[in-house]
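This is run_28.csv. It holds CSV, C-alpha atoms.
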```csv
chain,number,residue,atom,x,y,z
Z,1,MET,CA,-49.3,11.7,-6.1
Z,2,ASN,CA,-46.6,13.6,-4.3
Z,3,ILE,CA,-43.9,11.6,-2.6
Z,4,VAL,CA,-41.1,12.6,-0.3
Z,5,ALA,CA,-38.4,10.2,0.6
Z,6,VAL,CA,-35.3,10.0,2.7
Z,7,THR,CA,-32.5,7.5,2.0
Z,8,ALA,CA,-29.7,6.7,4.4
Z,9,CYS,CA,-27.3,3.8,5.1
Z,10,PRO,CA,-24.5,3.4,7.7
Z,11,ALA,CA,-21.5,4.1,5.5
Z,12,GLY,CA,-23.4,6.7,3.4
Z,13,VAL,CA,-21.3,5.9,0.4
Z,14,ALA,CA,-23.1,3.8,-2.0
Z,15,HIS,CA,-26.6,2.5,-1.1
Z,16,THR,CA,-28.0,5.9,0.0
Z,17,TYR,CA,-27.4,7.2,-3.5
Z,18,MET,CA,-28.4,4.0,-5.3
Z,19,ALA,CA,-31.7,4.0,-3.4
Z,20,LYS,CA,-32.3,7.6,-4.3
Z,21,LYS,CA,-31.8,6.9,-8.0
Z,22,GLY,CA,-34.0,3.8,-7.7
Z,23,LEU,CA,-36.9,5.7,-6.1
Z,24,GLN,CA,-36.6,8.5,-8.7
Z,25,LYS,CA,-36.7,6.1,-11.6
Z,26,ALA,CA,-39.6,4.2,-10.1
Z,27,ALA,CA,-41.6,7.3,-9.4
Z,28,LYS,CA,-41.1,8.6,-12.9
Z,29,LYS,CA,-42.2,5.2,-14.3
Z,30,LEU,CA,-45.3,5.3,-12.2
Z,31,GLY,CA,-46.1,8.9,-13.1
Z,32,TYR,CA,-45.6,10.3,-9.6
Z,33,THR,CA,-43.6,13.2,-8.5
Z,34,ILE,CA,-40.9,12.6,-5.8
Z,35,LYS,CA,-38.4,14.5,-3.8
Z,36,VAL,CA,-35.6,12.4,-2.4
Z,37,GLU,CA,-33.3,13.6,0.4
Z,38,THR,CA,-30.1,11.8,1.0
Z,39,GLN,CA,-28.5,11.5,4.4
Z,40,GLY,CA,-25.1,10.1,3.5
Z,41,SER,CA,-21.4,10.8,4.1
Z,42,MET,CA,-21.8,14.3,2.8
Z,43,GLY,CA,-24.6,15.0,5.3
Z,44,ILE,CA,-28.1,16.0,4.4
Z,45,GLU,CA,-28.5,16.8,0.7
Z,46,SER,CA,-31.6,17.9,-1.2
Z,47,GLU,CA,-33.2,18.6,2.2
Z,48,ILE,CA,-36.9,18.2,2.2
Z,49,LYS,CA,-38.6,21.4,3.3
Z,50,SER,CA,-41.7,21.6,5.6
Z,51,LYS,CA,-43.8,22.8,2.7
Z,52,ASP,CA,-42.9,19.7,0.7
Z,53,ILE,CA,-43.8,17.5,3.6
Z,54,GLU,CA,-47.2,19.3,4.0
Z,55,LYS,CA,-48.0,18.8,0.3
Z,56,SER,CA,-46.9,15.2,0.2
Z,57,ASP,CA,-49.3,12.3,0.0
Z,58,VAL,CA,-46.7,9.7,0.9
Z,59,VAL,CA,-43.5,9.7,3.0
Z,60,ILE,CA,-41.0,6.9,2.4
Z,61,PHE,CA,-37.9,6.2,4.6
Z,62,ALA,CA,-35.5,3.8,2.9
Z,63,VAL,CA,-33.0,3.7,5.7
Z,64,ASP,CA,-30.7,1.4,7.6
Z,65,THR,CA,-29.9,4.0,10.1
Z,66,LYS,CA,-31.6,6.7,12.2
Z,67,VAL,CA,-33.2,9.5,10.2
Z,68,GLU,CA,-31.8,13.0,11.0
Z,69,LYS,CA,-34.4,15.7,11.7
Z,70,ALA,CA,-37.1,13.1,11.7
Z,71,ASP,CA,-39.4,15.5,13.7
Z,72,ARG,CA,-40.1,17.3,10.5
Z,73,PHE,CA,-42.3,14.4,9.5
Z,74,GLN,CA,-44.3,14.3,12.7
Z,75,GLY,CA,-48.0,13.7,12.1
Z,76,LYS,CA,-47.3,12.0,8.7
Z,77,LYS,CA,-47.7,8.4,8.0
Z,78,ILE,CA,-44.3,7.0,7.2
Z,79,HIS,CA,-43.7,3.9,5.1
Z,80,GLU,CA,-40.3,2.7,6.3
Z,81,VAL,CA,-38.2,0.0,4.4
Z,82,ALA,CA,-34.6,-1.1,4.3
Z,83,VAL,CA,-32.4,0.9,2.0
Z,84,ALA,CA,-31.7,-2.4,0.1
Z,85,ASP,CA,-35.4,-2.6,-0.8
Z,86,ALA,CA,-35.3,0.7,-2.7
Z,87,VAL,CA,-32.1,-0.5,-4.5
Z,88,LYS,CA,-33.6,-3.8,-5.4
Z,89,ASN,CA,-37.2,-3.0,-6.2
Z,90,ALA,CA,-38.1,0.7,-5.7
Z,91,THR,CA,-41.3,0.2,-7.7
Z,92,LYS,CA,-42.6,-2.2,-5.2
Z,93,VAL,CA,-41.6,0.1,-2.3
Z,94,ILE,CA,-43.6,3.0,-3.8
Z,95,GLU,CA,-46.6,0.8,-4.7
Z,96,ASP,CA,-46.7,-0.6,-1.2
Z,97,ALA,CA,-46.5,2.9,0.3
Z,98,VAL,CA,-49.3,4.1,-1.9
Z,99,ASN,CA,-51.4,1.0,-1.2
Z,100,ASN,CA,-51.0,1.5,2.6
Z,101,LEU,CA,-52.4,5.0,2.5
H,102,MET,CA,-2.7,10.6,-15.0
H,103,SER,CA,-3.7,13.1,-12.3
H,104,GLU,CA,-3.0,12.0,-8.8
H,105,ASN,CA,-6.5,13.2,-7.8
H,106,GLU,CA,-8.1,10.5,-9.8
H,107,LEU,CA,-10.2,7.9,-8.1
H,108,ILE,CA,-9.2,5.2,-10.5
H,109,ASN,CA,-6.4,4.3,-12.8
H,110,GLU,CA,-5.9,1.3,-15.0
H,111,SER,CA,-3.7,-0.5,-12.4
H,112,LEU,CA,-6.8,-0.6,-10.2
H,113,ILE,CA,-8.7,-2.6,-12.8
H,114,LYS,CA,-8.1,-6.3,-13.1
H,115,LEU,CA,-9.8,-8.5,-15.7
H,116,ASN,CA,-10.0,-12.3,-16.0
H,117,LEU,CA,-9.2,-12.9,-12.3
H,118,THR,CA,-9.8,-16.5,-11.2
H,119,VAL,CA,-10.9,-16.9,-7.5
H,120,ASN,CA,-13.4,-19.2,-5.8
H,121,THR,CA,-15.0,-17.2,-3.0
H,122,LYS,CA,-16.2,-13.8,-2.1
H,123,LYS,CA,-13.5,-13.6,0.6
H,124,GLU,CA,-10.9,-14.3,-2.0
H,125,VAL,CA,-12.3,-11.5,-4.1
H,126,LEU,CA,-12.2,-9.1,-1.2
H,127,LYS,CA,-8.6,-10.2,-0.4
H,128,ALA,CA,-7.6,-9.6,-4.0
H,129,ILE,CA,-9.1,-6.1,-4.0
H,130,SER,CA,-7.4,-5.2,-0.7
H,131,ASN,CA,-4.0,-6.2,-2.2
H,132,ILE,CA,-4.5,-4.3,-5.4
H,133,VAL,CA,-5.6,-1.2,-3.6
H,134,TYR,CA,-2.7,-1.5,-1.1
H,135,GLU,CA,-0.1,-2.1,-3.8
H,136,GLU,CA,-1.3,1.1,-5.6
H,137,GLY,CA,-0.6,3.0,-2.3
H,138,ARG,CA,-4.2,3.9,-1.7
H,139,VAL,CA,-4.6,2.4,1.8
H,140,LEU,CA,-2.1,2.1,4.7
H,141,SER,CA,-3.0,-1.5,5.4
H,142,ALA,CA,-4.4,-4.2,3.1
H,143,GLN,CA,-5.6,-6.1,6.2
H,144,GLN,CA,-7.6,-3.2,7.6
H,145,TYR,CA,-9.2,-2.5,4.3
H,146,TYR,CA,-10.1,-6.2,3.9
H,147,GLN,CA,-11.6,-6.2,7.4
H,148,GLY,CA,-13.6,-3.1,6.6
H,149,LEU,CA,-15.0,-4.7,3.4
H,150,VAL,CA,-15.9,-7.9,5.3
H,151,GLU,CA,-17.6,-6.0,8.1
H,152,ARG,CA,-19.6,-4.0,5.6
H,153,GLU,CA,-20.7,-7.3,3.8
H,154,ASP,CA,-21.7,-8.8,7.1
H,155,ASN,CA,-23.9,-5.8,7.7
H,156,SER,CA,-25.8,-6.4,4.4
H,157,THR,CA,-24.9,-7.6,1.0
H,158,THR,CA,-23.4,-5.3,-1.5
H,159,GLY,CA,-24.4,-7.6,-4.4
H,160,PHE,CA,-27.2,-5.5,-5.9
H,161,GLY,CA,-28.2,-7.8,-8.7
H,162,ASP,CA,-27.3,-8.9,-12.3
H,163,GLY,CA,-23.9,-10.2,-11.2
H,164,ILE,CA,-22.6,-6.9,-9.9
H,165,ALA,CA,-21.4,-6.0,-6.4
H,166,ILE,CA,-20.2,-2.8,-4.9
H,167,PRO,CA,-18.2,-3.7,-1.7
H,168,HIS,CA,-16.9,-0.7,0.2
H,169,ALA,CA,-15.3,0.4,3.4
H,170,LYS,CA,-15.0,3.7,5.0
H,171,ILE,CA,-12.0,3.5,7.3
H,172,LYS,CA,-9.3,5.9,8.5
H,173,GLU,CA,-6.5,3.9,6.8
H,174,VAL,CA,-7.6,5.1,3.4
H,175,ILE,CA,-4.9,7.4,1.9
H,176,LYS,CA,-6.8,8.3,-1.2
H,177,PRO,CA,-10.5,7.7,-2.1
H,178,THR,CA,-10.4,4.9,-4.6
H,179,ILE,CA,-12.4,2.8,-7.1
H,180,SER,CA,-11.1,-0.6,-8.0
H,181,ILE,CA,-12.8,-2.9,-10.5
H,182,ILE,CA,-12.4,-6.6,-10.9
H,183,LYS,CA,-14.0,-8.9,-13.5
H,184,LEU,CA,-13.9,-12.6,-12.7
H,185,ASN,CA,-13.5,-15.5,-15.1
H,186,SER,CA,-16.3,-17.3,-13.4
H,187,PRO,CA,-18.8,-15.8,-10.9
H,188,VAL,CA,-18.7,-16.4,-7.1
H,189,GLU,CA,-21.5,-16.7,-4.6
H,190,TRP,CA,-22.2,-13.3,-3.0
H,191,LYS,CA,-25.6,-13.7,-1.3
H,192,ALA,CA,-26.7,-11.0,-3.7
H,193,MET,CA,-30.1,-9.3,-3.5
H,194,ASP,CA,-31.3,-11.3,-6.5
H,195,GLY,CA,-29.4,-14.5,-5.4
H,196,LYS,CA,-27.3,-14.5,-8.6
H,197,PRO,CA,-23.5,-15.0,-8.3
H,198,VAL,CA,-21.3,-12.0,-8.9
H,199,HIS,CA,-18.6,-11.5,-11.6
H,200,LEU,CA,-18.2,-7.8,-11.8
H,201,ILE,CA,-17.0,-6.1,-8.6
H,202,ILE,CA,-16.7,-2.3,-8.2
H,203,ALA,CA,-14.9,-1.7,-4.9
H,204,LEU,CA,-14.7,1.6,-3.1
H,205,ALA,CA,-12.2,2.8,-0.4
H,206,VAL,CA,-13.3,5.9,1.4
H,207,PRO,CA,-11.4,7.8,4.1
H,208,ASP,CA,-13.2,8.0,7.4
H,209,SER,CA,-13.3,11.8,7.5
H,210,GLN,CA,-15.4,14.6,6.0
H,211,GLU,CA,-12.6,15.8,3.9
H,212,GLY,CA,-12.6,15.5,0.1
H,213,THR,CA,-16.3,16.1,-0.5
H,214,MET,CA,-15.6,16.3,-4.2
H,215,HIS,CA,-14.6,12.7,-4.2
H,216,LEU,CA,-17.6,11.7,-2.2
H,217,GLN,CA,-19.8,13.4,-4.7
H,218,LEU,CA,-18.1,11.4,-7.5
H,219,LEU,CA,-18.7,8.2,-5.6
H,220,ALA,CA,-22.3,9.1,-5.1
H,221,LYS,CA,-22.5,9.8,-8.9
H,222,LEU,CA,-21.0,6.4,-9.6
H,223,SER,CA,-23.5,4.7,-7.2
H,224,GLU,CA,-26.4,6.5,-8.9
H,225,SER,CA,-25.1,5.5,-12.4
H,226,LEU,CA,-25.0,1.8,-11.3
H,227,MET,CA,-28.8,2.0,-11.3
H,228,GLU,CA,-28.8,2.7,-15.0
H,229,GLU,CA,-28.8,-0.3,-17.2
H,230,GLU,CA,-27.0,1.4,-20.0
H,231,PHE,CA,-24.0,2.1,-17.7
H,232,THR,CA,-23.9,-1.4,-16.1
H,233,ASN,CA,-24.3,-3.1,-19.5
H,234,ALA,CA,-21.3,-1.0,-20.8
H,235,LEU,CA,-19.2,-2.2,-17.8
H,236,LEU,CA,-20.3,-5.8,-18.2
H,237,SER,CA,-19.4,-5.9,-21.8
H,238,ALA,CA,-16.1,-4.0,-21.6
H,239,GLU,CA,-13.2,-6.2,-22.5
H,240,THR,CA,-10.1,-4.1,-21.6
H,241,SER,CA,-9.0,-2.1,-18.5
H,242,ASN,CA,-8.9,0.9,-20.7
H,243,ASP,CA,-12.5,0.5,-21.8
H,244,ILE,CA,-13.6,0.2,-18.1
H,245,TYR,CA,-11.4,3.2,-17.2
H,246,LYS,CA,-13.1,5.3,-19.9
H,247,ILE,CA,-16.6,4.2,-19.0
H,248,ILE,CA,-16.1,5.1,-15.4
H,249,ASN,CA,-14.6,8.5,-16.2
H,250,SER,CA,-17.4,9.2,-18.7
H,251,ILE,CA,-19.8,9.8,-15.8
H,252,PHE,CA,-17.5,12.3,-13.9
```
Serialized structure, structure tokens:
Amino acid sequence: MNIVAVTACPAGVAHTYMAKKGLQKAAKKLGYTIKVETQGSMGIESEIKSKDIEKSDVVIFAVDTKVEKADRFQGKKIHEVAVADAVKNATKVIEDAVNNL
Amino acid sequence: MSENELINESLIKLNLTVNTKKEVLKAISNIVYEEGRVLSAQQYYQGLVEREDNSTTGFGDGIAIPHAKIKEVIKPTISIIKLNSPVEWKAMDGKPVHLIIALAVPDSQEGTMHLQLLAKLSESLMEEEFTNALLSAETSNDIYKIINSIF
């Protein structure tokens, strides 16, 4: 299972990065591979490339704000949750996304 | 202590007794202001309250990470408070909060290095080993060392 995810929150200071870590840990636990792009106060980091999106089985947006360059994901089914969900229970976020395929 | 540091021992207060979340945010604002890190305690306090109103920063297990990104911040800052008894925070897991890790961030793109360190801190808060160390620390110096160990 290849997952790509974007995390973003309004201040872009704390939750964006907590959500990233949460998703990475949960994916590892579940045996999936994941690439997480953060859109925070430092702008876009670990930007997800078109080839990663093409290869991906699941796209997750854990965001409380508009995703920058969202057109990259056009044609993909996107599982969108609040950034807090990925902080609180990232395992459930990933399981839900996979179950909704 | 280098003046580039995000935290010093004066920004860490243990055994504080307060009754409400707002009192915690007030106490943080005053500590950070007295250390010369923000231009206005009131503005920082308002920034913290506005952020909390947006969504809770209590992320579970009795820990919260209130933060404000405002132009009145002179130096990016981490301030840490431990309470004698926990206060209601409307946290994600509903548990009251007794360890508060507050951030003050200037409202500009300058100082990316500091933002990177705060991102690192945020990521570390998702590691139980790190939060357990903070929760069990008994002195300001211990907390100071634990925080600096990740940078």
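Taking only C-alpha atoms into account, Z:Val81 lies nearest to Z:Thr65 out of the set Z:Ser50, Z:Asn2, Z:Thr65, Z:Asn99.
Counting all atoms listed in the file, the residue from Z:Ser56, Z:Thr33, Z:Gln74, Z:Thr7 that sits nearest to Z:Lys21 is Z:Thr7.
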May I ask which of the residues H:Ala203, H:Leu184, H:Ile164, H:Leu219 is the closest one to Z:Thr16, counting all atoms listed in the file?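 Looking only at the distances to Z:Thr16, the closest residue turns out to be H:Leu219.
Residues lying within 12 Å of (-45.8, 4.6, 9.8). Counted over all atoms listed in the file, they are Val58, Val59, Ile60, Phe61, Phe73, Gln74, Gly75, Lys76, Lys77, Ile78, His79, Glu80, Val81, Ala97, Asn100 and Leu101 of chain Z.
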Could you tell me how far atom CA of H:Asn155 lies from atom CA of Z:Tyr17, in Å and to one decimal?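 Between atom CA of H:Asn155 and atom CA of Z:Tyr17 the gap is 17.5 Å.
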